[in-house]
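For reference, the structure discussed in these notes is given below.
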Amino acid sequence: MGSLLQVLFDALSLGSLYALGALGIALIFGVMRLVNFAHGDVIAACVFALLWPSVDAVAIIFAGNLPWYLLIPFLLAIGAALSVASEIVVFRRFRRANPATMMIASFALGFVIRYFLLMLFSSRPKSISLLPSLSQPVEILGARIPLLQLITIAVTMAVLFGLTTFLRRTRFGLEMRAAAENFTMARMLGVRANRVIMGAFALSGALAAAIALILGSQTGTANIMMGASVMLMAFIATVIGGMGSLAGAVLAGFLLGAIATVMQVILPPDARAFRDAFVYGAVILVLIFRPQGLLSARGTKERV
Amino acid sequence: MSLLALSNVSVRYGRLTAVRQVTFSLAEGEILFITGPNGAGKSSLLRAIAGVTPPSGGRIDFADHDITGRAPEDIARLGLSMVPEGRDVFGSLSIEENLMVGTGMHSATRGWKARAATELEAVYATFPILKDRRHSQAGLLSGGQQQMLVIGRALMTNPRLVAIDEPSLGLAPNITDQVYERLIALRAMRKLTLLIVEQSSTRAMMVGGRMMLMRGGEILLDGDARALGQSEAMQAAYFGYGEH
């Protein structure tokens with residue numbers, strides 16, 4: 001019972017990360033058909049925003065020392081600002097370009113961010129202790145669950161609930177949903193393209209910051225590559241979920257988290273090192289049977 | 001003073017010219033049908049007016065503004081509401097949400113929410129079926145209901161000119177009758193200017209008003225719908241005989 005519960009919480013917290021990442025990608029894909037591969041590097045940049053620039057092995061904590069009620073809004077704002085800046089400086093110029101061109105531009109932007117971080121902080125992973133009180137375990141029905149895991153899951157649920165409410169109940173959310181379905185038609189009804197796209201980037205950047213907080217606290221390190229692995233899984237989740245479908249992205253994120261966690265338990269010890277190969281195998285199976293994704297979004301042919 | 005004026009407007013897609021140097025103007029309150037065979041450039045002309053495909057040449061004026069090459073949202077905000085071909089409803093949104101999307105353009109003016117609510121009731125009064133199903137997904141509506149929805153949605157923005165591309169496309173004749181009946185009633189009620197694209201001229205002859213015939217990207221005829229519809233010139237222009 002206890003270990004089963006442990007697996008469940010492992011799956012949920014890993015799935016949370018993937019779901020948040022997939023949402024950040026799906027939001028932007030929804031409004032401008034851009035697969036933003038710079039998303040992972042925005043996550044890394046958010047982690048490093050907690051530190052003073054230095055190439056030493058020991059991290060000099062800067063914003064990371066703020067109390068949590070200041071730290072969280074600070075980091076969310078950094079993520080949103082960085083993401084919006086990337087839209088204004090880079091992606092706005094590619095609005096009418098084809099999706100492949102935009103995707104390559106996002107790769108390039110990702111590298112620029114990554115090497116900028118490399119210059120400031122060096123490529124050595126740094127140990128940081130972010131919100132250390134959260135690593136204590138909590139006993140639930142005989143299982144020892146790290147408090148951080150519970151918070152990760154709770155935060156993700158809160159973010160999902162908040163985002164759903166925002167999209168369903170506010171005018172801006174309505175305009176975003178309309179634009180995601182048929183951008184041209186939304187514009188013909190007076191919906192401002194720039195506002196909607198910048199809003200999507202801001203939300204996506206804030207989600208990246210949330211992932212940065214969770215990753216930073218979980219791993220206790222800052223590493224310029226740390227966004228990349230989440231980004232890859234998150235991208236796969238958006239594809240399995242059906243490109244542009246937010247609900248699909250979240251669902252697939254949790255599904256991937258569950259598959260990865262379960263594989264870790266049921267695979268024979270010798271095969272565990274190849275866990276990811278099995279996960280990707282499962283991904284291929286899903287795509288063979290549902291090439292359009294679990295929940296395919298409508299109107300994905302339309303573009304700006 | 002005309003509400004909409006085009007001078008020498010051309011639309012090109014790569015090397016293909018869809019609209020060639022079209023010039024016409026439309027007065028406030030007028031109803032204009034643009035008819036013509038498939039590929040005549042009617043839809044391209046509408047898309048250029050709405051700002052979706054910027055014209056490759058010429059100039060378009062609407063409501064005393066030069067709107068040539070302006071963004072679709074700016075043109076919509078000046079009061080030009082476009083209902084594109086194929087009834088582009090937002091399928092995953094509810095009917096009421098579909099209707100509300102366009103009302104945000106007035107959010108800078110005071111009392112816009114109350115006005116939007118009044119407008120919503122007016123649309124529901126015109127199309128009661130939309131009110132009955134207002135919380136269901138728009139994608140589940142029948143073709144005729146979707147056509148009513150997109151017309152209602154265009155009206156929600158309180159436009160001065162409504163441009164509709166093929167409102168009868170894919171609809172049963174009696175449903176088309178209903179759609180037109182409401183349109184004509186709305187026009188009388190609100191002093192609307194209408195620009196309607198249809199492939200055949202029969203509807204224009206029934207409703208009356210002004211009619212233009214397009215072929216090969218050019219306007220061949222322009223005049224009273226009923227008079228033109230019965231003329232030999234119309235038949236000749238439409239089917240293209242007598243040219244060879």
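Please note that chains go A, B, ... in the order of the structure tokens, that every chain numbers its residues from 1, and that ligands are numbered from 1 in the order shown.
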
Next item on the list: Mind the document's chain letters and residue numbers, and return as a PyMOL selection string the residues of stretch 38-153 of chain B that DSSP labels alpha helix (DSSP H).
Entry: chain B and resi 42-50+72-77+95-100+112-126+128-132+143-153

Item checked: Distance-based interface of chain B with chain A, 10 Å, counting only C-alpha atoms, as a PyMOL selection string -> chain B and resi 50-52+71-84+87-93+97-107+139+153-154+156-157

Could you turn the residues from that selection into a file that holds N, CA and C atoms, as a tab-separated table (two decimals), in the first residue's frame?
```tsv
chain	number	residue	atom	x	y	z
B	50	ALA	N	-11.33	43.31	-46.22
B	50	ALA	CA	-11.28	43.03	-44.78
B	50	ALA	C	-9.85	43.05	-44.23
B	51	GLY	N	-8.86	43.16	-45.11
B	51	GLY	CA	-7.48	43.25	-44.64
B	51	GLY	C	-6.79	41.92	-44.46
B	52	VAL	N	-7.48	40.83	-44.85
B	52	VAL	CA	-6.88	39.51	-44.66
B	52	VAL	C	-5.77	39.28	-45.69
B	71	ALA	N	-4.32	46.23	-40.70
B	71	ALA	CA	-4.58	44.91	-40.12
B	71	ALA	C	-6.08	44.65	-40.03
B	72	PRO	N	-6.49	43.38	-40.16
B	72	PRO	CA	-7.92	43.05	-40.10
B	72	PRO	C	-8.60	43.58	-38.84
B	73	GLU	N	-7.90	43.52	-37.69
B	73	GLU	CA	-8.56	43.98	-36.46
B	73	GLU	C	-8.81	45.49	-36.47
B	74	ASP	N	-7.91	46.24	-37.11
B	74	ASP	CA	-8.11	47.69	-37.19
B	74	ASP	C	-9.31	48.02	-38.08
B	75	ILE	N	-9.42	47.28	-39.18
B	75	ILE	CA	-10.54	47.51	-40.11
B	75	ILE	C	-11.85	47.13	-39.44
B	76	ALA	N	-11.85	46.02	-38.71
B	76	ALA	CA	-13.06	45.61	-37.99
B	76	ALA	C	-13.45	46.67	-36.98
B	77	ARG	N	-12.47	47.26	-36.33
B	77	ARG	CA	-12.76	48.25	-35.30
B	77	ARG	C	-13.31	49.55	-35.88
B	78	LEU	N	-13.10	49.77	-37.19
B	78	LEU	CA	-13.70	50.94	-37.82
B	78	LEU	C	-15.16	50.69	-38.18
B	79	GLY	N	-15.63	49.44	-38.04
B	79	GLY	CA	-17.03	49.17	-38.29
B	79	GLY	C	-17.30	48.36	-39.55
B	80	LEU	N	-16.28	47.66	-40.03
B	80	LEU	CA	-16.50	46.79	-41.18
B	80	LEU	C	-16.46	45.35	-40.71
B	81	SER	N	-17.60	44.70	-40.75
B	81	SER	CA	-17.67	43.35	-40.21
B	81	SER	C	-17.75	42.35	-41.35
B	82	MET	N	-16.87	41.38	-41.30
B	82	MET	CA	-16.77	40.44	-42.41
B	82	MET	C	-17.27	39.06	-41.99
B	83	VAL	N	-18.10	38.47	-42.81
B	83	VAL	CA	-18.54	37.09	-42.58
B	83	VAL	C	-17.96	36.26	-43.71
B	84	PRO	N	-16.86	35.56	-43.44
B	84	PRO	CA	-16.18	34.87	-44.54
B	84	PRO	C	-16.93	33.63	-45.01
B	87	ARG	N	-18.55	29.83	-43.20
B	87	ARG	CA	-19.09	29.92	-41.84
B	87	ARG	C	-18.06	29.56	-40.77
B	88	ASP	N	-17.10	30.44	-40.58
B	88	ASP	CA	-16.05	30.18	-39.61
B	88	ASP	C	-16.53	30.38	-38.18
B	89	VAL	N	-17.31	29.43	-37.67
B	89	VAL	CA	-17.66	29.51	-36.25
B	89	VAL	C	-16.48	29.00	-35.45
B	90	PHE	N	-16.36	29.46	-34.20
B	90	PHE	CA	-15.37	28.88	-33.30
B	90	PHE	C	-16.03	27.64	-32.70
B	91	GLY	N	-15.73	26.48	-33.29
B	91	GLY	CA	-16.48	25.26	-33.00
B	91	GLY	C	-16.46	24.82	-31.55
B	92	SER	N	-15.36	25.06	-30.85
B	92	SER	CA	-15.27	24.57	-29.48
B	92	SER	C	-15.85	25.56	-28.48
B	93	LEU	N	-16.15	26.78	-28.94
B	93	LEU	CA	-16.75	27.77	-28.06
B	93	LEU	C	-18.26	27.62	-28.09
B	97	GLU	N	-20.52	32.46	-26.42
B	97	GLU	CA	-19.12	32.91	-26.47
B	97	GLU	C	-18.75	33.38	-27.86
B	98	ASN	N	-19.21	32.64	-28.88
B	98	ASN	CA	-18.98	33.06	-30.26
B	98	ASN	C	-19.49	34.48	-30.48
B	99	LEU	N	-20.69	34.73	-29.98
B	99	LEU	CA	-21.30	36.04	-30.20
B	99	LEU	C	-20.53	37.14	-29.46
B	100	MET	N	-19.93	36.78	-28.32
B	100	MET	CA	-19.29	37.80	-27.49
B	100	MET	C	-17.87	38.16	-27.93
B	101	VAL	N	-17.24	37.31	-28.74
B	101	VAL	CA	-15.83	37.55	-29.09
B	101	VAL	C	-15.60	38.97	-29.62
B	102	GLY	N	-16.49	39.39	-30.52
B	102	GLY	CA	-16.27	40.68	-31.18
B	102	GLY	C	-16.59	41.90	-30.35
B	103	THR	N	-17.28	41.72	-29.22
B	103	THR	CA	-17.72	42.90	-28.47
B	103	THR	C	-16.57	43.57	-27.74
B	104	GLY	N	-15.44	42.85	-27.61
B	104	GLY	CA	-14.30	43.41	-26.89
B	104	GLY	C	-13.72	44.65	-27.56
B	105	MET	N	-14.02	44.84	-28.85
B	105	MET	CA	-13.42	45.98	-29.55
B	105	MET	C	-13.93	47.32	-29.01
B	106	HIS	N	-15.05	47.27	-28.29
B	106	HIS	CA	-15.56	48.52	-27.73
B	106	HIS	C	-15.23	48.67	-26.26
B	107	SER	N	-14.34	47.81	-25.74
B	107	SER	CA	-14.12	47.78	-24.29
B	107	SER	C	-13.50	49.07	-23.77
B	139	GLY	N	-19.86	24.18	-32.79
B	139	GLY	CA	-19.53	23.18	-33.80
B	139	GLY	C	-20.63	22.16	-34.01
B	153	ARG	N	-23.04	37.12	-35.03
B	153	ARG	CA	-21.75	37.48	-34.45
B	153	ARG	C	-21.21	38.76	-35.10
B	154	ALA	N	-21.40	38.87	-36.42
B	154	ALA	CA	-20.95	40.07	-37.12
B	154	ALA	C	-21.73	41.30	-36.63
B	156	MET	N	-22.99	41.74	-33.66
B	156	MET	CA	-22.68	42.05	-32.27
B	156	MET	C	-21.68	43.20	-32.12
B	157	THR	N	-20.87	43.43	-33.15
B	157	THR	CA	-19.87	44.48	-33.06
B	157	THR	C	-20.46	45.83	-33.46
```

Item checked: Near-A:Ala228 list (9 Å; only C-alpha atoms; drop same-chain fewer than 4 positions) as a PyMOL selection string -> chain A and resi 37+39-41+43-44+224+232-233

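Here atom CA of B:Ala5 stands at a distance of 22.8 Å from atom CA of B:Ser201.
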
Margin query: Can you pull out the residues contacting A:Ser245? Cut-off 12 Å, using only C-alpha atoms, and skip same-chain residues under 6 positions away; I want them as a list in words.
Written below: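 Once the nearby chain positions are removed, what remains is Ala22, Leu23, Gly24, Ile25, Ala26, Leu27, Ile28, Phe29, Gly30, Val31, Arg33, Arg177, Ala180, Glu181, Ala237, Thr238, Val239, Leu251, Ala252, Gln292, Gly293, Leu294, Leu295, Ser296, Ala297, Arg298, Gly299 and Thr300 of chain A; Ser92 of chain B.
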
Residues just named, written with C-alpha atoms as a JSON list (two decimals), in the first residue's frame:
```
[["chain", "number", "residue", "atom", "x", "y", "z"],
["A", 22, "ALA", "CA", 3.52, 21.03, -22.28],
["A", 23, "LEU", "CA", 1.01, 23.77, -21.44],
["A", 24, "GLY", "CA", 3.66, 26.43, -22.00],
["A", 25, "ILE", "CA", 4.36, 25.02, -25.45],
["A", 26, "ALA", "CA", 0.73, 24.39, -26.38],
["A", 27, "LEU", "CA", -0.36, 27.92, -25.42],
["A", 28, "ILE", "CA", 2.02, 29.47, -27.91],
["A", 29, "PHE", "CA", 1.44, 26.83, -30.56],
["A", 30, "GLY", "CA", -2.30, 27.47, -30.23],
["A", 31, "VAL", "CA", -2.12, 31.12, -31.20],
["A", 33, "ARG", "CA", 1.60, 27.66, -34.77],
["A", 177, "ARG", "CA", -9.52, 30.65, -27.15],
["A", 180, "ALA", "CA", -6.34, 29.64, -30.96],
["A", 181, "GLU", "CA", -9.14, 28.13, -32.97],
["A", 237, "ALA", "CA", 3.40, 15.58, -24.48],
["A", 238, "THR", "CA", 2.04, 18.36, -26.70],
["A", 239, "VAL", "CA", 2.39, 16.12, -29.74],
["A", 251, "LEU", "CA", -3.40, 14.87, -20.04],
["A", 252, "ALA", "CA", -0.42, 13.62, -22.05],
["A", 292, "GLN", "CA", -3.59, 13.30, -34.58],
["A", 293, "GLY", "CA", -2.97, 13.10, -30.83],
["A", 294, "LEU", "CA", -5.23, 12.11, -27.96],
["A", 295, "LEU", "CA", -7.38, 15.24, -28.17],
["A", 296, "SER", "CA", -6.80, 16.87, -31.52],
["A", 297, "ALA", "CA", -7.34, 20.60, -31.64],
["A", 298, "ARG", "CA", -9.72, 22.01, -34.18],
["A", 299, "GLY", "CA", -8.68, 24.40, -36.88],
["A", 300, "THR", "CA", -4.94, 23.83, -36.61],
["B", 92, "SER", "CA", -15.27, 24.57, -29.48]]
```

Check: Can you tell me, as a PyMOL selection string, what residues are no more than 7 Å from A:Leu203 when counting only C-alpha atoms, ignoring any on the same chain fewer than 4 positions away?
Finding: chain A and resi 80+199+207

Generate the output file for the selected residues, C-alpha atoms, as an mmCIF file, in the first residue's frame.
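Here's the written file out-v9.cif:
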```cif
data_model
loop_
_atom_site.group_PDB
_atom_site.id
_atom_site.type_symbol
_atom_site.label_atom_id
_atom_site.label_comp_id
_atom_site.auth_asym_id
_atom_site.auth_seq_id
_atom_site.Cartn_x
_atom_site.Cartn_y
_atom_site.Cartn_z
ATOM 1 C CA ALA A 80 6.913 36.300 -18.344
ATOM 2 C CA GLY A 199 -0.526 37.297 -23.556
ATOM 3 C CA LEU A 207 4.701 28.585 -16.501
#
```

Checklist line | Å distance separating atom CA of A:Arg195 from atom CA of B:Ser136, one decimal place | finding: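 Between atom CA of A:Arg195 and atom CA of B:Ser136 the gap is 27.8 Å.
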
Item checked: Surrounding residues of B:Leu130 excluding itself and chain neighbours under 3 positions, 10 Å, only C-alpha atoms, as number ranges by chain -> B: 95-96, 99, 123-127, 133-136, 138, 141, 145-146, 148-149, 152

Item checked: Test item: residues at most 7 Å from stretch 53-68 of chain B, only C-alpha atoms, excluding those fewer than 6 positions along its chain, as an MDAnalysis selection string -> chainID B and resid 3:12 47 75

Next item on the list: For atom CA of A:Ala234 and atom CA of A:Ala19, quote the distance in Å rounded to one decimal.
Entry: 6.8 Å

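Remark: for A:Phe254, the closest of the candidate residues A:Phe9, A:Phe107, A:Phe62, A:Phe166 is A:Phe9 (distances computed over only C-alpha atoms).
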
Item checked: Residue list (strand (DSSP E or B), DSSP) for stretch 18-127 of chain A, as a ChimeraX atom specification -> /A:51,58,61,126-127

Residues of stretch 170-259 of chain A within 10 Å of stretch 87-102 of chain A: nearest atom pair and distance (Å, one decimal) for each, counting only C-alpha atoms, sorted by chain and number, as a Markdown table?
```
| residue | atom | partner | partner_atom | distance |
| --- | --- | --- | --- | --- |
| A:Asn194 | CA | A:Arg92 | CA | 8.7 |
| A:Ile197 | CA | A:Glu87 | CA | 8.2 |
| A:Met198 | CA | A:Glu87 | CA | 7.0 |
| A:Ala200 | CA | A:Glu87 | CA | 9.9 |
| A:Phe201 | CA | A:Glu87 | CA | 7.0 |
| A:Ala202 | CA | A:Glu87 | CA | 9.4 |
```

Deliver the residues from the most recent selection as a file, using C-alpha atoms, as a CSV table (one decimal), in the first residue's frame.
```
chain,number,residue,atom,x,y,z
A,194,ASN,CA,-0.3,41.4,-30.8
A,197,ILE,CA,0.1,36.6,-28.8
A,198,MET,CA,1.9,38.6,-26.1
A,200,ALA,CA,0.2,33.7,-24.6
A,201,PHE,CA,3.9,34.3,-24.3
A,202,ALA,CA,3.5,35.9,-20.9
```

Margin query: Using only C-alpha atoms, can you tell me which of B:Ala237, B:Ala122, B:Lys131, B:Leu32 comes closest to B:Ala225?
Written below: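 Once distances to B:Ala225 are computed over only C-alpha atoms, the minimum belongs to B:Leu32.
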